[in-house]
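File shown here: model.cif, holding mmCIF, C-alpha atoms.
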```
data_target
loop_
_atom_site.group_PDB
_atom_site.id
_atom_site.type_symbol
_atom_site.label_atom_id
_atom_site.label_comp_id
_atom_site.auth_asym_id
_atom_site.auth_seq_id
_atom_site.Cartn_x
_atom_site.Cartn_y
_atom_site.Cartn_z
ATOM 1 C CA MET Q 1 124.184 6.351 -77.710
ATOM 2 C CA GLN Q 2 126.776 8.922 -76.636
ATOM 3 C CA ASN Q 3 127.920 11.591 -79.057
ATOM 4 C CA PRO Q 4 131.604 11.264 -79.942
ATOM 5 C CA GLU Q 5 134.058 14.034 -79.092
ATOM 6 C CA TYR Q 6 134.398 14.625 -82.826
ATOM 7 C CA SER Q 7 132.423 13.761 -85.911
ATOM 8 C CA HIS Q 8 133.617 11.809 -88.942
ATOM 9 C CA ASN Q 9 131.388 12.392 -91.913
ATOM 10 C CA LEU Q 10 131.413 11.323 -95.508
ATOM 11 C CA GLU Q 11 130.457 14.227 -97.738
ATOM 12 C CA ILE Q 12 129.846 13.954 -101.454
ATOM 13 C CA GLU Q 13 129.539 17.372 -103.003
ATOM 14 C CA LEU Q 14 129.639 19.469 -106.130
ATOM 15 C CA LYS Q 15 129.402 23.125 -106.947
ATOM 16 C CA ALA Q 16 128.297 25.222 -109.894
ATOM 17 C CA ARG Q 17 128.705 28.841 -110.828
ATOM 18 C CA VAL Q 18 125.456 30.763 -110.546
ATOM 19 C CA GLN Q 19 124.298 33.847 -112.438
ATOM 20 C CA GLN Q 20 120.843 34.473 -110.901
ATOM 21 C CA ARG Q 21 120.784 34.116 -107.089
ATOM 22 C CA GLU Q 22 117.053 34.880 -106.762
ATOM 23 C CA GLU Q 23 116.051 32.336 -109.406
ATOM 24 C CA VAL Q 24 118.153 29.562 -107.836
ATOM 25 C CA GLU Q 25 116.846 30.321 -104.330
ATOM 26 C CA SER Q 26 113.276 30.387 -105.617
ATOM 27 C CA ARG Q 27 113.726 26.962 -107.206
ATOM 28 C CA LEU Q 28 115.373 25.582 -104.053
ATOM 29 C CA SER Q 29 112.391 26.760 -102.003
ATOM 30 C CA SER Q 30 110.117 24.512 -104.077
ATOM 31 C CA PHE Q 31 111.783 21.285 -102.861
ATOM 32 C CA MET Q 32 114.028 22.150 -99.885
ATOM 33 C CA HIS Q 33 113.602 23.926 -96.546
ATOM 34 C CA TYR Q 34 115.209 27.319 -96.025
ATOM 35 C CA ILE Q 35 117.451 27.144 -92.935
ATOM 36 C CA GLY Q 36 118.762 30.701 -92.901
ATOM 37 C CA PRO Q 37 121.662 32.958 -93.773
ATOM 38 C CA ILE Q 38 125.260 31.772 -93.452
ATOM 39 C CA ASN Q 39 128.513 33.632 -92.954
ATOM 40 C CA LYS Q 40 131.648 31.474 -92.813
ATOM 41 C CA LEU Q 41 135.205 32.700 -92.475
ATOM 42 C CA ASP Q 42 137.593 29.835 -93.150
ATOM 43 C CA GLU Q 43 141.294 29.894 -92.342
ATOM 44 C CA TYR Q 44 143.471 27.200 -93.916
ATOM 45 C CA TRP Q 45 146.555 26.229 -91.954
ATOM 46 C CA GLU Q 46 149.447 23.881 -92.645
ATOM 47 C CA VAL Q 47 151.865 22.041 -90.394
ATOM 48 C CA SER Q 48 154.982 21.232 -92.394
ATOM 49 C CA ASN Q 49 156.200 17.655 -92.553
ATOM 50 C CA ALA Q 50 159.402 18.620 -94.378
ATOM 51 C CA GLY Q 51 161.558 17.010 -91.671
ATOM 52 C CA LEU Q 52 159.791 13.719 -92.394
ATOM 53 C CA GLY Q 53 160.448 13.853 -96.121
ATOM 54 C CA ASP Q 54 156.863 14.885 -96.928
ATOM 55 C CA PHE Q 55 156.842 18.113 -98.884
ATOM 56 C CA GLY Q 56 153.420 19.556 -98.394
ATOM 57 C CA GLY Q 57 152.358 18.858 -94.890
ATOM 58 C CA PHE Q 58 149.165 18.431 -92.973
ATOM 59 C CA ARG Q 59 146.436 20.979 -93.724
ATOM 60 C CA PHE Q 60 143.382 21.822 -91.676
ATOM 61 C CA ARG Q 61 140.620 24.412 -91.619
ATOM 62 C CA VAL Q 62 139.538 26.713 -88.812
ATOM 63 C CA ARG Q 63 135.942 27.800 -89.529
ATOM 64 C CA HIS Q 64 134.420 30.796 -87.774
ATOM 65 C CA GLU Q 65 130.601 30.951 -87.759
ATOM 66 C CA LEU Q 66 128.530 33.197 -85.521
ATOM 67 C CA ALA Q 67 129.387 31.962 -82.022
ATOM 68 C CA SER Q 68 131.278 28.788 -82.960
ATOM 69 C CA THR Q 69 134.706 27.713 -84.157
ATOM 70 C CA THR Q 70 135.127 24.312 -85.813
ATOM 71 C CA ILE Q 71 138.346 22.557 -86.810
ATOM 72 C CA THR Q 72 138.207 20.260 -89.842
ATOM 73 C CA PHE Q 73 140.674 18.065 -91.686
ATOM 74 C CA LYS Q 74 139.794 16.010 -94.737
ATOM 75 C CA GLU Q 75 140.789 13.057 -96.843
ATOM 76 C CA LYS Q 76 139.709 14.345 -100.253
ATOM 77 C CA THR Q 77 139.215 12.545 -103.578
ATOM 78 C CA PHE Q 78 137.519 13.515 -106.838
ATOM 79 C CA ASP Q 79 135.226 11.705 -109.247
ATOM 80 C CA GLY Q 80 134.772 14.031 -112.225
ATOM 81 C CA ASP Q 81 132.865 17.107 -111.026
ATOM 82 C CA VAL Q 82 132.100 15.465 -107.674
ATOM 83 C CA GLU Q 83 134.276 15.850 -104.586
ATOM 84 C CA ILE Q 84 134.272 13.039 -102.016
ATOM 85 C CA ASN Q 85 135.505 13.930 -98.535
ATOM 86 C CA HIS Q 86 136.041 11.980 -95.362
ATOM 87 C CA GLU Q 87 135.854 14.836 -92.858
ATOM 88 C CA PHE Q 88 136.924 14.888 -89.244
ATOM 89 C CA GLU Q 89 135.558 17.822 -87.228
ATOM 90 C CA PHE Q 90 135.615 19.083 -83.678
ATOM 91 C CA SER Q 91 134.648 22.304 -81.926
ATOM 92 C CA VAL Q 92 137.037 24.580 -80.069
ATOM 93 C CA ASN Q 93 135.918 26.619 -77.074
ATOM 94 C CA GLY Q 94 139.183 28.438 -76.376
ATOM 95 C CA GLU Q 95 140.276 29.679 -79.769
ATOM 96 C CA PRO Q 96 143.170 31.849 -78.482
ATOM 97 C CA ALA Q 97 144.599 28.788 -76.697
ATOM 98 C CA PHE Q 98 144.111 26.666 -79.827
ATOM 99 C CA LYS Q 99 145.926 29.289 -81.956
ATOM 100 C CA ALA Q 100 148.811 29.314 -79.451
ATOM 101 C CA PHE Q 101 148.881 25.505 -79.639
ATOM 102 C CA ILE Q 102 149.084 25.364 -83.445
ATOM 103 C CA GLU Q 103 151.715 28.094 -83.530
ATOM 104 C CA LYS Q 104 153.833 25.944 -81.171
ATOM 105 C CA MET Q 105 153.539 23.216 -83.823
ATOM 106 C CA HIS Q 106 154.895 25.752 -86.336
ATOM 107 C CA ALA Q 107 151.636 25.802 -88.269
ATOM 108 C CA HIS Q 108 151.291 28.700 -90.640
ATOM 109 C CA LEU Q 109 148.265 30.354 -92.195
ATOM 110 C CA ILE Q 110 148.063 29.623 -95.921
ATOM 111 C CA TYR Q 111 144.934 31.583 -96.894
ATOM 112 C CA GLN Q 112 141.458 32.685 -95.865
ATOM 113 C CA LYS Q 113 138.118 32.315 -97.616
ATOM 114 C CA GLN Q 114 134.866 34.132 -96.805
ATOM 115 C CA LYS Q 115 131.484 32.670 -97.812
ATOM 116 C CA ARG Q 116 128.169 34.454 -97.309
ATOM 117 C CA GLY Q 117 124.790 33.218 -98.466
ATOM 118 C CA THR Q 118 121.836 31.006 -97.648
ATOM 119 C CA ARG Q 119 121.442 27.387 -96.526
ATOM 120 C CA TRP Q 120 118.764 24.892 -97.590
ATOM 121 C CA GLU Q 121 118.152 21.290 -96.418
ATOM 122 C CA ASP Q 122 115.763 18.506 -97.360
ATOM 123 C CA GLY Q 123 115.882 16.592 -94.056
ATOM 124 C CA THR Q 124 117.645 13.517 -95.496
ATOM 125 C CA GLY Q 125 121.263 14.728 -95.469
ATOM 126 C CA LEU Q 126 121.013 16.748 -98.674
ATOM 127 C CA VAL Q 127 122.229 20.333 -98.186
ATOM 128 C CA ALA Q 128 122.404 23.242 -100.616
ATOM 129 C CA GLU Q 129 124.084 26.584 -100.072
ATOM 130 C CA VAL Q 130 123.953 29.577 -102.382
ATOM 131 C CA VAL Q 131 127.154 31.428 -101.520
ATOM 132 C CA GLU Q 132 129.142 34.443 -102.582
ATOM 133 C CA VAL Q 133 132.798 33.473 -102.228
ATOM 134 C CA SER Q 134 135.072 36.479 -101.832
ATOM 135 C CA SER Q 135 136.934 37.251 -105.063
ATOM 136 C CA LEU Q 136 135.464 34.199 -106.867
ATOM 137 C CA GLY Q 137 131.775 34.956 -107.314
ATOM 138 C CA LEU Q 138 128.453 33.218 -106.736
ATOM 139 C CA PHE Q 139 128.095 29.419 -106.414
ATOM 140 C CA LEU Q 140 125.525 26.773 -105.613
ATOM 141 C CA GLU Q 141 127.127 24.101 -103.424
ATOM 142 C CA VAL Q 142 125.208 20.857 -103.023
ATOM 143 C CA GLU Q 143 126.272 17.995 -100.768
ATOM 144 C CA CYS Q 144 125.052 14.682 -99.397
ATOM 145 C CA ILE Q 145 126.239 14.233 -95.836
ATOM 146 C CA GLY Q 146 126.350 10.896 -94.093
ATOM 147 C CA ASP Q 147 127.943 9.382 -91.028
ATOM 148 C CA SER Q 148 131.094 7.591 -92.171
ATOM 149 C CA ARG Q 149 129.962 4.484 -90.264
ATOM 150 C CA VAL Q 150 126.905 4.215 -92.529
ATOM 151 C CA THR Q 151 127.411 3.289 -96.163
ATOM 152 C CA LEU Q 152 126.500 6.302 -98.258
ATOM 153 C CA GLN Q 153 125.899 4.974 -101.754
ATOM 154 C CA GLN Q 154 128.105 7.181 -103.901
ATOM 155 C CA GLU Q 155 126.256 6.689 -107.179
ATOM 156 C CA GLU Q 156 122.912 7.419 -105.523
ATOM 157 C CA ALA Q 157 124.386 10.507 -103.828
ATOM 158 C CA LYS Q 158 125.825 11.766 -107.118
ATOM 159 C CA SER Q 159 122.426 11.320 -108.800
ATOM 160 C CA ARG Q 160 120.784 13.355 -106.040
ATOM 161 C CA LEU Q 161 123.368 16.141 -106.423
ATOM 162 C CA TYR Q 162 122.910 16.349 -110.191
ATOM 163 C CA ARG Q 163 119.123 16.324 -109.731
ATOM 164 C CA VAL Q 164 119.363 19.454 -107.535
ATOM 165 C CA ILE Q 165 121.504 21.200 -110.140
ATOM 166 C CA ASP Q 166 118.963 20.274 -112.823
ATOM 167 C CA GLN Q 167 115.981 21.375 -110.688
ATOM 168 C CA CYS Q 168 117.683 24.741 -110.175
ATOM 169 C CA GLY Q 169 117.955 25.211 -113.945
ATOM 170 C CA ILE Q 170 121.750 25.241 -113.916
ATOM 171 C CA SER Q 171 123.591 23.934 -116.945
ATOM 172 C CA ARG Q 172 126.082 21.115 -116.411
ATOM 173 C CA SER Q 173 128.646 23.350 -118.151
ATOM 174 C CA ALA Q 174 128.458 25.640 -115.086
ATOM 175 C CA LEU Q 175 129.801 22.881 -112.811
ATOM 176 C CA GLU Q 176 133.128 23.794 -111.225
ATOM 177 C CA PRO Q 177 135.250 20.689 -110.546
ATOM 178 C CA ARG Q 178 138.201 22.543 -109.031
ATOM 179 C CA PRO Q 179 138.318 23.100 -105.259
ATOM 180 C CA TYR Q 180 138.208 26.683 -103.997
ATOM 181 C CA SER Q 181 141.859 26.406 -102.916
ATOM 182 C CA GLN Q 182 142.883 25.856 -106.528
ATOM 183 C CA LEU Q 183 140.593 28.643 -107.776
ATOM 184 C CA LEU Q 184 142.226 30.966 -105.248
ATOM 185 C CA GLY Q 185 145.719 29.873 -106.313
ATOM 186 C CA TYR Q 186 146.705 27.785 -103.258
#
```
How would this structure read if it were set down as structure tokens?
Amino acid sequence: MQNPEYSHNLEIELKARVQQREEVESRLSSFMHYIGPINKLDEYWEVSNAGLGDFGGFRFRVRHELASTTITFKEKTFDGDVEINHEFEFSVNGEPAFKAFIEKMHAHLIYQKQKRGTRWEDGTGLVAEVVEVSSLGLFLEVECIGDSRVTLQQEEAKSRLYRVIDQCGISRSALEPRPYSQLLGY
């Protein structure tokens, strides 16, 4: 089967505030595989739809990681503490050309977010990241990732996410239901 030019994933995720990085990482190492350090600089852009009567516009993310740049846009919903995203992603090889392209569309930068930390996986689509988010603090992000063409059972995914939080010794009161954009005031 050929790989598509872009990926469309269903991601079910939650995050919790963390006090003890070392303790959480130690617990993760008992049931997940350490993948390595992460450093993500995310830029959030918006193309205004004001001329079409839509006040808000189309938002997308430009993520910079090591030697790659990925563009993502989402259809986002919430179910309590859990965020459910239909994500569309593609890589960009010529970032300066892409930036020139989006500026021609009158896109404007809304904000940036830096995340540094560690990544853990269990091999079945369950991912955990312990991240320091600039100006917000330390979080454990846990997500179940599945191909949007395959039915990802939401209740089962939510149970798996809560199980990771519990196994890491994090209280449910530490769950943060608000997206980072809202926490950052955007």
Residue among Q:Asp166, Q:Arg59, Q:Asp42, Q:Leu140 lying closest to Q:Gln114, counting all atoms listed in the file: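 With all atoms listed in the file as the atom set, the closest residue is Q:Asp42.
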One-decimal distance in Å that lies between atom CA of Q:Gln112 and atom CA of Q:Ala157: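 Separating atom CA of Q:Ala157 from atom CA of Q:Gln112 is a distance of 29.1 Å.
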Contact residues around Q:Thr118 with only C-alpha atoms at 8 Å, ignoring same-chain residues under 5 positions, as a list of chain:residue names: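 Listing them by chain and then by number gives Q:Tyr34, Q:Ile35, Q:Gly36, Q:Pro37, Q:Ile38, Q:Glu129, Q:Val130, Q:Val131.
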Selected residue of minimal separation from Q:Glu87 among Q:Leu14, Q:Ile145, Q:His108, Q:Glu176, counting only C-alpha atoms: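 For Q:Glu87, the nearest of the given residues is Q:Ile145.
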Residues matched by the PyMOL selection byres ((chain Q and resi 41) around 8) as a list of chain:residue names: Q:Asn39, Q:Lys40, Q:Asp42, Q:Glu43, Q:Arg63, Q:His64, Q:Glu65, Q:Gln112, Q:Lys113, Q:Gln114, Q:Lys115
Polymer residues at most 7 Å from stretch 46-48 of chain Q, only C-alpha atoms, same-chain spacing of 3 or more positions, as a list in words: Gly56, Gly57, Phe58, Arg59, Phe60, Met105, His106, Ala107, His108, Leu109 and Ile110 of chain Q
Keeping only C-alpha atoms, take the residues you just selected and write them out as a compact mmCIF listing (two decimals), keeping the file's coordinate frame.
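Output file result38.txt follows:
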```txt
# COMPACT_ATOMS: atom_id res chain seq x y z
CA GLY Q 56 153.42 19.56 -98.39
CA GLY Q 57 152.36 18.86 -94.89
CA PHE Q 58 149.16 18.43 -92.97
CA ARG Q 59 146.44 20.98 -93.72
CA PHE Q 60 143.38 21.82 -91.68
CA MET Q 105 153.54 23.22 -83.82
CA HIS Q 106 154.90 25.75 -86.34
CA ALA Q 107 151.64 25.80 -88.27
CA HIS Q 108 151.29 28.70 -90.64
CA LEU Q 109 148.26 30.35 -92.20
CA ILE Q 110 148.06 29.62 -95.92
```
Atom CA of Q:Val142 to atom CA of Q:Val164, straight-line distance in Å: 7.5 Å
Q:Pro179: which residues within 12 Å, counting all atoms listed in the file, same-chain residues fewer than 5 positions away excluded, as a short mmCIF file (atom, residue, chain, number, x, y, z; two decimals) with C-alpha atoms, keeping the file's coordinate frame?
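Okay, out.cif is ready:
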```cif
data_model
loop_
_atom_site.label_atom_id
_atom_site.label_comp_id
_atom_site.auth_asym_id
_atom_site.auth_seq_id
_atom_site.Cartn_x
_atom_site.Cartn_y
_atom_site.Cartn_z
CA GLU Q 13 129.54 17.37 -103.00
CA LEU Q 14 129.64 19.47 -106.13
CA LYS Q 15 129.40 23.12 -106.95
CA ALA Q 16 128.30 25.22 -109.89
CA LYS Q 76 139.71 14.34 -100.25
CA THR Q 77 139.22 12.54 -103.58
CA PHE Q 78 137.52 13.52 -106.84
CA GLY Q 80 134.77 14.03 -112.22
CA ASP Q 81 132.86 17.11 -111.03
CA VAL Q 82 132.10 15.46 -107.67
CA GLU Q 83 134.28 15.85 -104.59
CA ILE Q 84 134.27 13.04 -102.02
CA ASN Q 85 135.50 13.93 -98.54
CA LYS Q 113 138.12 32.32 -97.62
CA LEU Q 136 135.46 34.20 -106.87
CA GLU Q 141 127.13 24.10 -103.42
CA LEU Q 184 142.23 30.97 -105.25
CA GLY Q 185 145.72 29.87 -106.31
CA TYR Q 186 146.71 27.78 -103.26
#
```
Atomic distance atom CA of Q:Arg178 - atom CA of Q:Gly125, expressed in Å with one decimal: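 Separation between atom CA of Q:Arg178 and atom CA of Q:Gly125: 23.1 Å.
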Selected residue, from Q:Thr72, Q:Gln182, Q:Ser173, Q:Ser135, that lies nearest to Q:Asn9 when counting only C-alpha atoms: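 Among Q:Thr72, Q:Gln182, Q:Ser173, Q:Ser135, it is Q:Thr72 that comes nearest to Q:Asn9.
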Contacts of stretch 67-71 of chain Q at 12 Å (all atoms listed in the file; same-chain gap of 5+ positions) as a list in words: Tyr6, Ser7, His8, Asn39, Lys40, Leu41, Asp42, Glu43, Tyr44, Trp45, Arg59, Phe60, Arg61, Val62, Glu87, Phe88, Glu89, Phe90, Ser91, Val92, Asn93, Gly94, Glu95, Pro96, Phe98, Lys99 and Ile102 of chain Q
Please tell me which residues are no farther than 12 Å from (116.9, 20.1, -109.7) in the file, counting only C-alpha atoms, and write them as an mmCIF file with C-alpha atoms, in the frame of the given file.
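Just written: part18.cif:
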```cif
data_model
loop_
_atom_site.group_PDB
_atom_site.id
_atom_site.type_symbol
_atom_site.label_atom_id
_atom_site.label_comp_id
_atom_site.auth_asym_id
_atom_site.auth_seq_id
_atom_site.Cartn_x
_atom_site.Cartn_y
_atom_site.Cartn_z
ATOM 1 C CA VAL Q 24 118.153 29.562 -107.836
ATOM 2 C CA GLU Q 25 116.846 30.321 -104.330
ATOM 3 C CA SER Q 26 113.276 30.387 -105.617
ATOM 4 C CA ARG Q 27 113.726 26.962 -107.206
ATOM 5 C CA LEU Q 28 115.373 25.582 -104.053
ATOM 6 C CA SER Q 29 112.391 26.760 -102.003
ATOM 7 C CA SER Q 30 110.117 24.512 -104.077
ATOM 8 C CA PHE Q 31 111.783 21.285 -102.861
ATOM 9 C CA MET Q 32 114.028 22.150 -99.885
ATOM 10 C CA ALA Q 128 122.404 23.242 -100.616
ATOM 11 C CA LEU Q 140 125.525 26.773 -105.613
ATOM 12 C CA VAL Q 142 125.208 20.857 -103.023
ATOM 13 C CA SER Q 159 122.426 11.320 -108.800
ATOM 14 C CA ARG Q 160 120.784 13.355 -106.040
ATOM 15 C CA LEU Q 161 123.368 16.141 -106.423
ATOM 16 C CA TYR Q 162 122.910 16.349 -110.191
ATOM 17 C CA ARG Q 163 119.123 16.324 -109.731
ATOM 18 C CA VAL Q 164 119.363 19.454 -107.535
ATOM 19 C CA ILE Q 165 121.504 21.200 -110.140
ATOM 20 C CA ASP Q 166 118.963 20.274 -112.823
ATOM 21 C CA GLN Q 167 115.981 21.375 -110.688
ATOM 22 C CA CYS Q 168 117.683 24.741 -110.175
ATOM 23 C CA GLY Q 169 117.955 25.211 -113.945
ATOM 24 C CA ILE Q 170 121.750 25.241 -113.916
ATOM 25 C CA SER Q 171 123.591 23.934 -116.945
ATOM 26 C CA ARG Q 172 126.082 21.115 -116.411
#
```
Kindly compute an axis-aligned box around the listed atoms of stretch 73-92 of chain Q, allowing 3 Å on each side, and express its centre and edge lengths in Å to one decimal as AutoDock Vina command-line options.
```
--center_x 136.4 --center_y 18.1 --center_z -96.1 --size_x 14.7 --size_y 18.9 --size_z 38.2
```
Nearest residue to Q:Tyr111 from the set Q:Ser181, Q:Glu22, Q:Glu11, Q:Ala97 (distances using only C-alpha atoms):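 For Q:Tyr111, the nearest of the given residues is Q:Ser181.
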Which of Q:His33, Q:Leu66, Q:Glu23, Q:Lys104 sits closest to Q:Glu121 [using all atoms listed in the file]: Q:His33
Selection: 6 Å around Q:Leu126, all atoms listed in the file, excl. self and same-chain fewer than 2 positions, as a PyMOL selection string: chain Q and resi 121-122+124+143-144
Counting all atoms listed in the file, the residue of Q:Phe73, Q:Glu156, Q:Asp79, Q:Ile12 that sits nearest Q:Pro177: Q:Asp79
